[in-house]
Amino acid sequence: MSAAHILLLEDEGALARALDRRLRRDGYTVAVCENIANAKLAARRRRPDLALLDLRLPDGYGLDFLEWLRGEIPNIPAVVMTAFGELDDAIAAMRLGAVDFLKKPLDLEALHRVVADALARETPATRVANDAAAAPEDTGLVGDSPAMRALYAQLDRIAALAAGEAPPNVLLTGETGTGKDRVARMLHARSTRAKNPFVQVDCAALPRDLVEAELFGHEKGAFTNAHRARRGLLAAAGDGTAFLNEIGELPMALQAKLLTALESRTVREIGGDTERDISAWFVAATNRDLAEMMATGDFRQDLYYRLNVLTLHLPPLRERGDDVIALAEHFVAHTAARYDRPVPTIDENARAAIRTYHWPGNVRELRHVVERAVLVHAEHVVEATHLQLPAALSAPAQRESTDRATDNAANTTLADSERDLIERTLHQTQHNVSQAARQLGLSRGALRYRLEKYGLDGG
Ligand SMILES: Nc1ncnc2c1ncn2[C@@H]1O[C@H](COP(=O)(O)OP(=O)(O)OP(=O)(O)O)[C@@H](O)[C@H]1O
């Protein structure tokens, strides 16, 4: 399989050249277009795997192009480059399926990460197209352990309940990286709602005002930047599925508003006075302990019971026995295919290390570890050292000595201490970036910046 092909739509020549150079250096092929007309021709000439686009273009508006492109290639991931003050555009872009944003002025390291993440996102359609080693289509998840088999059976039963005007709400629980997002998409795909929209709101990724506007919609002029009226995602999901990801992060005031919407199955837009009916199926997910959050007054009990009509728990990877090996083999094959390399084998020591490690970041962490090993080290064989598993974190005795070493200011720089603190906090929070940021008193953006700076894996 050849390298991913990126369609870059950017009219500022110098910026386009810098982006082009960086993307080629990262191994992608790139079609650079300075206007929408050329971008349409380029997309027809060679089907891109990802679109990276600016919004203000000489012959039109980038989002109109994105809408056209999605008509041609329904699941194409798109990354939108926005300038300060274009939040409204960013919301609209998300509706059109943009998977990420890059703020101008651009940081080329962030570009590298965002593009790689966007390409790694596996929507059902792109998975079929890009991944010869994909999980069997009838399950969509790799793993055959008793815990996973029990989950598959429940998944079908729950999907069958999605028909009707007010289907039971579903709550997906499980540690970070266990596959909740993927399961939400599978529930939708297997239900009678599959042909209708699947819309996702990531309650942790957006600031409070944006989450509210996203969920409920707004009238024109309801707040600064609300240049046009917009329907909220709860309504936009129509007869499809509304996936409320990281529901534990929803601020209290919005929890009350969401509860009212779920109970009445209507929404009132911000700045509006009419109620709109909603007919979506609600699937929510969290990696936080909502029971504990209720006890500390951080999550409403009534909302919890309303959401938690049906629960599906995703077991941590360390409780799935040899699934961890099947998954590692899957990701090895997947990475090799994506980068057009021979598929390496995993040697016995590496298998033992994979089995022993406790995988706090679960399947996502395993995927990253294996991808890095295949890309950076392994030509023919993946060996234990290629995995670079943090031995210190799995052995308490060693951890103590690491702590002592970092406490010794004479031997440590400030940067070392910061890196160590972040690493430990990530470990404690099982690689939940939002939670780690809160614990460290940083914004998510500030933590992300440091993760990049220190080459740490946030999950
Ligand atoms: N059983 C599985 N088979 C194959 N891939 C999987 C499986 N479970 C998870 N993945 C992959 O692992 C990554 C993490 O999964 P996902 O995003 O669904 O986790 P999550 O539980 O929603 O995490 P978070 O709580 O942090 O949002 C994704 O790339 C997903 O496709």
# chains A, B, ... in the order shown; residues from 1 in each chain; ligands from 1
call {"tool": "residues_near_ligand", "arguments": {"ligand": "ligand 1", "cutoff": "9 Å", "atoms": "only C-alpha atoms and all ligand atoms", "output": "PyMOL selection string"}}
result
chain A and resi 120-123+134-135+139-143+148+172-185+202+245-246+285-288+314+317+323+327+330-331+361-368+431-433+459
call {"tool": "write_last_selection", "arguments": {"atoms": "N, CA and C atoms", "output": "short mmCIF file (atom, residue, chain, number, x, y, z; two decimals), in the first residue's frame"}}
result
data_model
loop_
_atom_site.label_atom_id
_atom_site.label_comp_id
_atom_site.auth_asym_id
_atom_site.auth_seq_id
_atom_site.Cartn_x
_atom_site.Cartn_y
_atom_site.Cartn_z
N ALA A 120 -5.08 8.05 11.41
CA ALA A 120 -5.23 6.81 12.17
C ALA A 120 -6.66 6.56 12.61
N ARG A 121 -7.48 7.58 12.52
CA ARG A 121 -8.87 7.39 12.92
C ARG A 121 -9.56 6.47 11.96
N GLU A 122 -10.18 5.46 12.52
CA GLU A 122 -10.71 4.47 11.61
C GLU A 122 -12.22 4.51 11.61
N THR A 123 -12.79 5.22 10.68
CA THR A 123 -14.23 5.14 10.51
C THR A 123 -14.49 3.84 9.77
N ALA A 134 -7.78 -5.55 8.89
CA ALA A 134 -8.81 -5.06 9.82
C ALA A 134 -9.48 -6.21 10.56
N ALA A 135 -10.07 -5.84 11.67
CA ALA A 135 -10.82 -6.84 12.42
C ALA A 135 -11.96 -7.36 11.54
N THR A 139 -17.49 -8.15 13.67
CA THR A 139 -17.32 -7.67 15.05
C THR A 139 -16.77 -6.24 15.05
N GLY A 140 -15.80 -5.96 14.21
CA GLY A 140 -15.20 -4.63 14.19
C GLY A 140 -14.24 -4.43 15.35
N LEU A 141 -14.11 -5.42 16.21
CA LEU A 141 -13.17 -5.32 17.34
C LEU A 141 -12.31 -6.58 17.32
N VAL A 142 -11.05 -6.41 17.62
CA VAL A 142 -10.17 -7.57 17.70
C VAL A 142 -10.24 -8.09 19.13
N GLY A 143 -10.30 -9.41 19.27
CA GLY A 143 -10.30 -9.99 20.61
C GLY A 143 -11.36 -11.05 20.76
N MET A 148 -14.54 -10.26 26.11
CA MET A 148 -14.95 -9.61 24.87
C MET A 148 -16.13 -10.33 24.23
N LEU A 172 -21.60 3.85 28.10
CA LEU A 172 -20.42 3.01 27.91
C LEU A 172 -19.39 3.40 28.95
N THR A 173 -18.94 2.43 29.72
CA THR A 173 -17.94 2.74 30.74
C THR A 173 -16.67 1.94 30.46
N GLY A 174 -15.58 2.37 31.03
CA GLY A 174 -14.32 1.66 30.85
C GLY A 174 -13.19 2.65 30.86
N GLU A 175 -12.01 2.14 31.20
CA GLU A 175 -10.84 3.01 31.27
C GLU A 175 -10.55 3.63 29.91
N THR A 176 -9.68 4.64 29.94
CA THR A 176 -9.32 5.29 28.69
C THR A 176 -8.68 4.29 27.71
N GLY A 177 -9.03 4.43 26.44
CA GLY A 177 -8.41 3.60 25.41
C GLY A 177 -8.94 2.19 25.31
N THR A 178 -10.07 1.88 25.97
CA THR A 178 -10.57 0.50 25.92
C THR A 178 -11.47 0.25 24.70
N GLY A 179 -11.84 1.31 23.99
CA GLY A 179 -12.62 1.10 22.77
C GLY A 179 -14.04 1.62 22.82
N LYS A 180 -14.34 2.54 23.75
CA LYS A 180 -15.73 3.02 23.90
C LYS A 180 -16.20 3.75 22.64
N ASP A 181 -15.31 4.57 22.11
CA ASP A 181 -15.66 5.31 20.91
C ASP A 181 -16.01 4.35 19.78
N ARG A 182 -15.16 3.35 19.63
CA ARG A 182 -15.38 2.38 18.56
C ARG A 182 -16.70 1.63 18.78
N VAL A 183 -16.98 1.28 20.03
CA VAL A 183 -18.20 0.53 20.33
C VAL A 183 -19.44 1.40 20.04
N ALA A 184 -19.34 2.69 20.35
CA ALA A 184 -20.49 3.58 20.08
C ALA A 184 -20.81 3.57 18.59
N ARG A 185 -19.77 3.61 17.76
CA ARG A 185 -19.98 3.60 16.30
C ARG A 185 -20.55 2.26 15.85
N ASP A 202 -17.64 15.80 21.89
CA ASP A 202 -16.61 15.46 22.85
C ASP A 202 -16.65 16.51 23.95
N ASN A 245 -19.48 11.93 24.19
CA ASN A 245 -18.24 11.33 24.68
C ASN A 245 -17.71 12.11 25.88
N GLU A 246 -17.08 11.39 26.81
CA GLU A 246 -16.52 12.00 28.02
C GLU A 246 -17.57 12.82 28.76
N ALA A 285 -20.48 8.12 26.93
CA ALA A 285 -19.33 7.34 27.37
C ALA A 285 -18.53 8.12 28.38
N THR A 286 -17.90 7.39 29.27
CA THR A 286 -17.02 8.05 30.25
C THR A 286 -15.93 7.10 30.71
N ASN A 287 -14.75 7.66 31.00
CA ASN A 287 -13.73 6.82 31.64
C ASN A 287 -13.59 7.23 33.10
N ARG A 288 -14.50 8.07 33.57
CA ARG A 288 -14.43 8.47 34.97
C ARG A 288 -15.41 7.66 35.80
N LEU A 314 -16.50 -1.78 29.11
CA LEU A 314 -15.37 -2.31 28.34
C LEU A 314 -14.25 -2.69 29.30
N LEU A 317 -7.58 -3.78 29.15
CA LEU A 317 -6.83 -4.73 28.32
C LEU A 317 -6.19 -5.83 29.16
N ASP A 323 -5.86 -11.66 24.20
CA ASP A 323 -6.31 -10.64 23.23
C ASP A 323 -5.20 -9.63 22.98
N LEU A 327 -4.18 -8.36 19.40
CA LEU A 327 -4.24 -6.93 19.07
C LEU A 327 -2.87 -6.43 18.61
N HIS A 330 -2.35 -7.51 15.19
CA HIS A 330 -3.22 -6.71 14.31
C HIS A 330 -2.58 -5.35 14.02
N PHE A 331 -2.07 -4.69 15.05
CA PHE A 331 -1.49 -3.36 14.84
C PHE A 331 -0.16 -3.43 14.08
N GLY A 361 -2.94 2.67 29.52
CA GLY A 361 -3.65 3.37 28.43
C GLY A 361 -4.38 2.42 27.51
N ASN A 362 -4.41 1.13 27.88
CA ASN A 362 -5.18 0.10 27.19
C ASN A 362 -4.86 -0.03 25.70
N VAL A 363 -5.91 -0.25 24.88
CA VAL A 363 -5.66 -0.58 23.46
C VAL A 363 -4.97 0.59 22.74
N ARG A 364 -5.33 1.82 23.13
CA ARG A 364 -4.71 2.97 22.47
C ARG A 364 -3.18 2.97 22.73
N GLU A 365 -2.81 2.70 23.98
CA GLU A 365 -1.39 2.68 24.31
C GLU A 365 -0.68 1.56 23.55
N LEU A 366 -1.32 0.40 23.51
CA LEU A 366 -0.72 -0.72 22.78
C LEU A 366 -0.52 -0.35 21.31
N ARG A 367 -1.52 0.28 20.75
CA ARG A 367 -1.42 0.67 19.33
C ARG A 367 -0.23 1.60 19.12
N HIS A 368 -0.09 2.61 20.00
CA HIS A 368 1.01 3.56 19.84
C HIS A 368 2.37 2.88 20.01
N HIS A 431 -3.53 7.81 31.62
CA HIS A 431 -3.36 8.51 30.34
C HIS A 431 -4.60 9.32 29.95
N ASN A 432 -5.36 9.73 30.94
CA ASN A 432 -6.48 10.62 30.65
C ASN A 432 -5.95 12.06 30.67
N VAL A 433 -5.82 12.65 29.49
CA VAL A 433 -5.15 13.95 29.39
C VAL A 433 -5.93 15.04 30.14
N GLY A 459 -1.80 9.61 24.87
CA GLY A 459 -2.88 8.66 24.67
C GLY A 459 -3.59 8.93 23.39
#
call {"tool": "residues_around", "arguments": {"residues": "A:Val370", "least_positions_apart": "6", "cutoff": "7 Å", "atoms": "only C-alpha atoms", "output": "MDAnalysis selection string"}}
result
chainID A and resid 328 331:332 387
call {"tool": "residues_around", "arguments": {"residues": "A:Ile354", "least_positions_apart": "4", "cutoff": "9 Å", "atoms": "only C-alpha atoms", "output": "list of chain:residue names"}}
result
A:Val324, A:Ile325, A:Ala328, A:Asn349, A:Ala350, A:His358, A:Trp359, A:Leu366, A:Ala384, A:Leu387, A:Leu389
call {"tool": "select_by_dssp", "arguments": {"residues": "stretch 170-311 of chain A", "states": "alpha helix (DSSP H)", "output": "PyMOL selection string"}}
result
chain A and resi 180-190+208-216+233-236+252-264+290-295+301-307
call {"tool": "select_by_dssp", "arguments": {"residues": "stretch 296-343 of chain A", "states": "strand (DSSP E)", "output": "list in words"}}
result
Leu310, Thr311, Leu312 and His313 of chain A
call {"tool": "write_last_selection", "arguments": {"atoms": "C-alpha atoms", "output": "short mmCIF file (atom, residue, chain, number, x, y, z; two decimals), in the first residue's frame"}}
result
data_model
loop_
_atom_site.label_atom_id
_atom_site.label_comp_id
_atom_site.auth_asym_id
_atom_site.auth_seq_id
_atom_site.Cartn_x
_atom_site.Cartn_y
_atom_site.Cartn_z
CA LEU A 310 -28.31 0.26 29.70
CA THR A 311 -24.63 -0.07 30.53
CA LEU A 312 -21.91 -1.64 28.52
CA HIS A 313 -18.58 -1.97 30.31
#
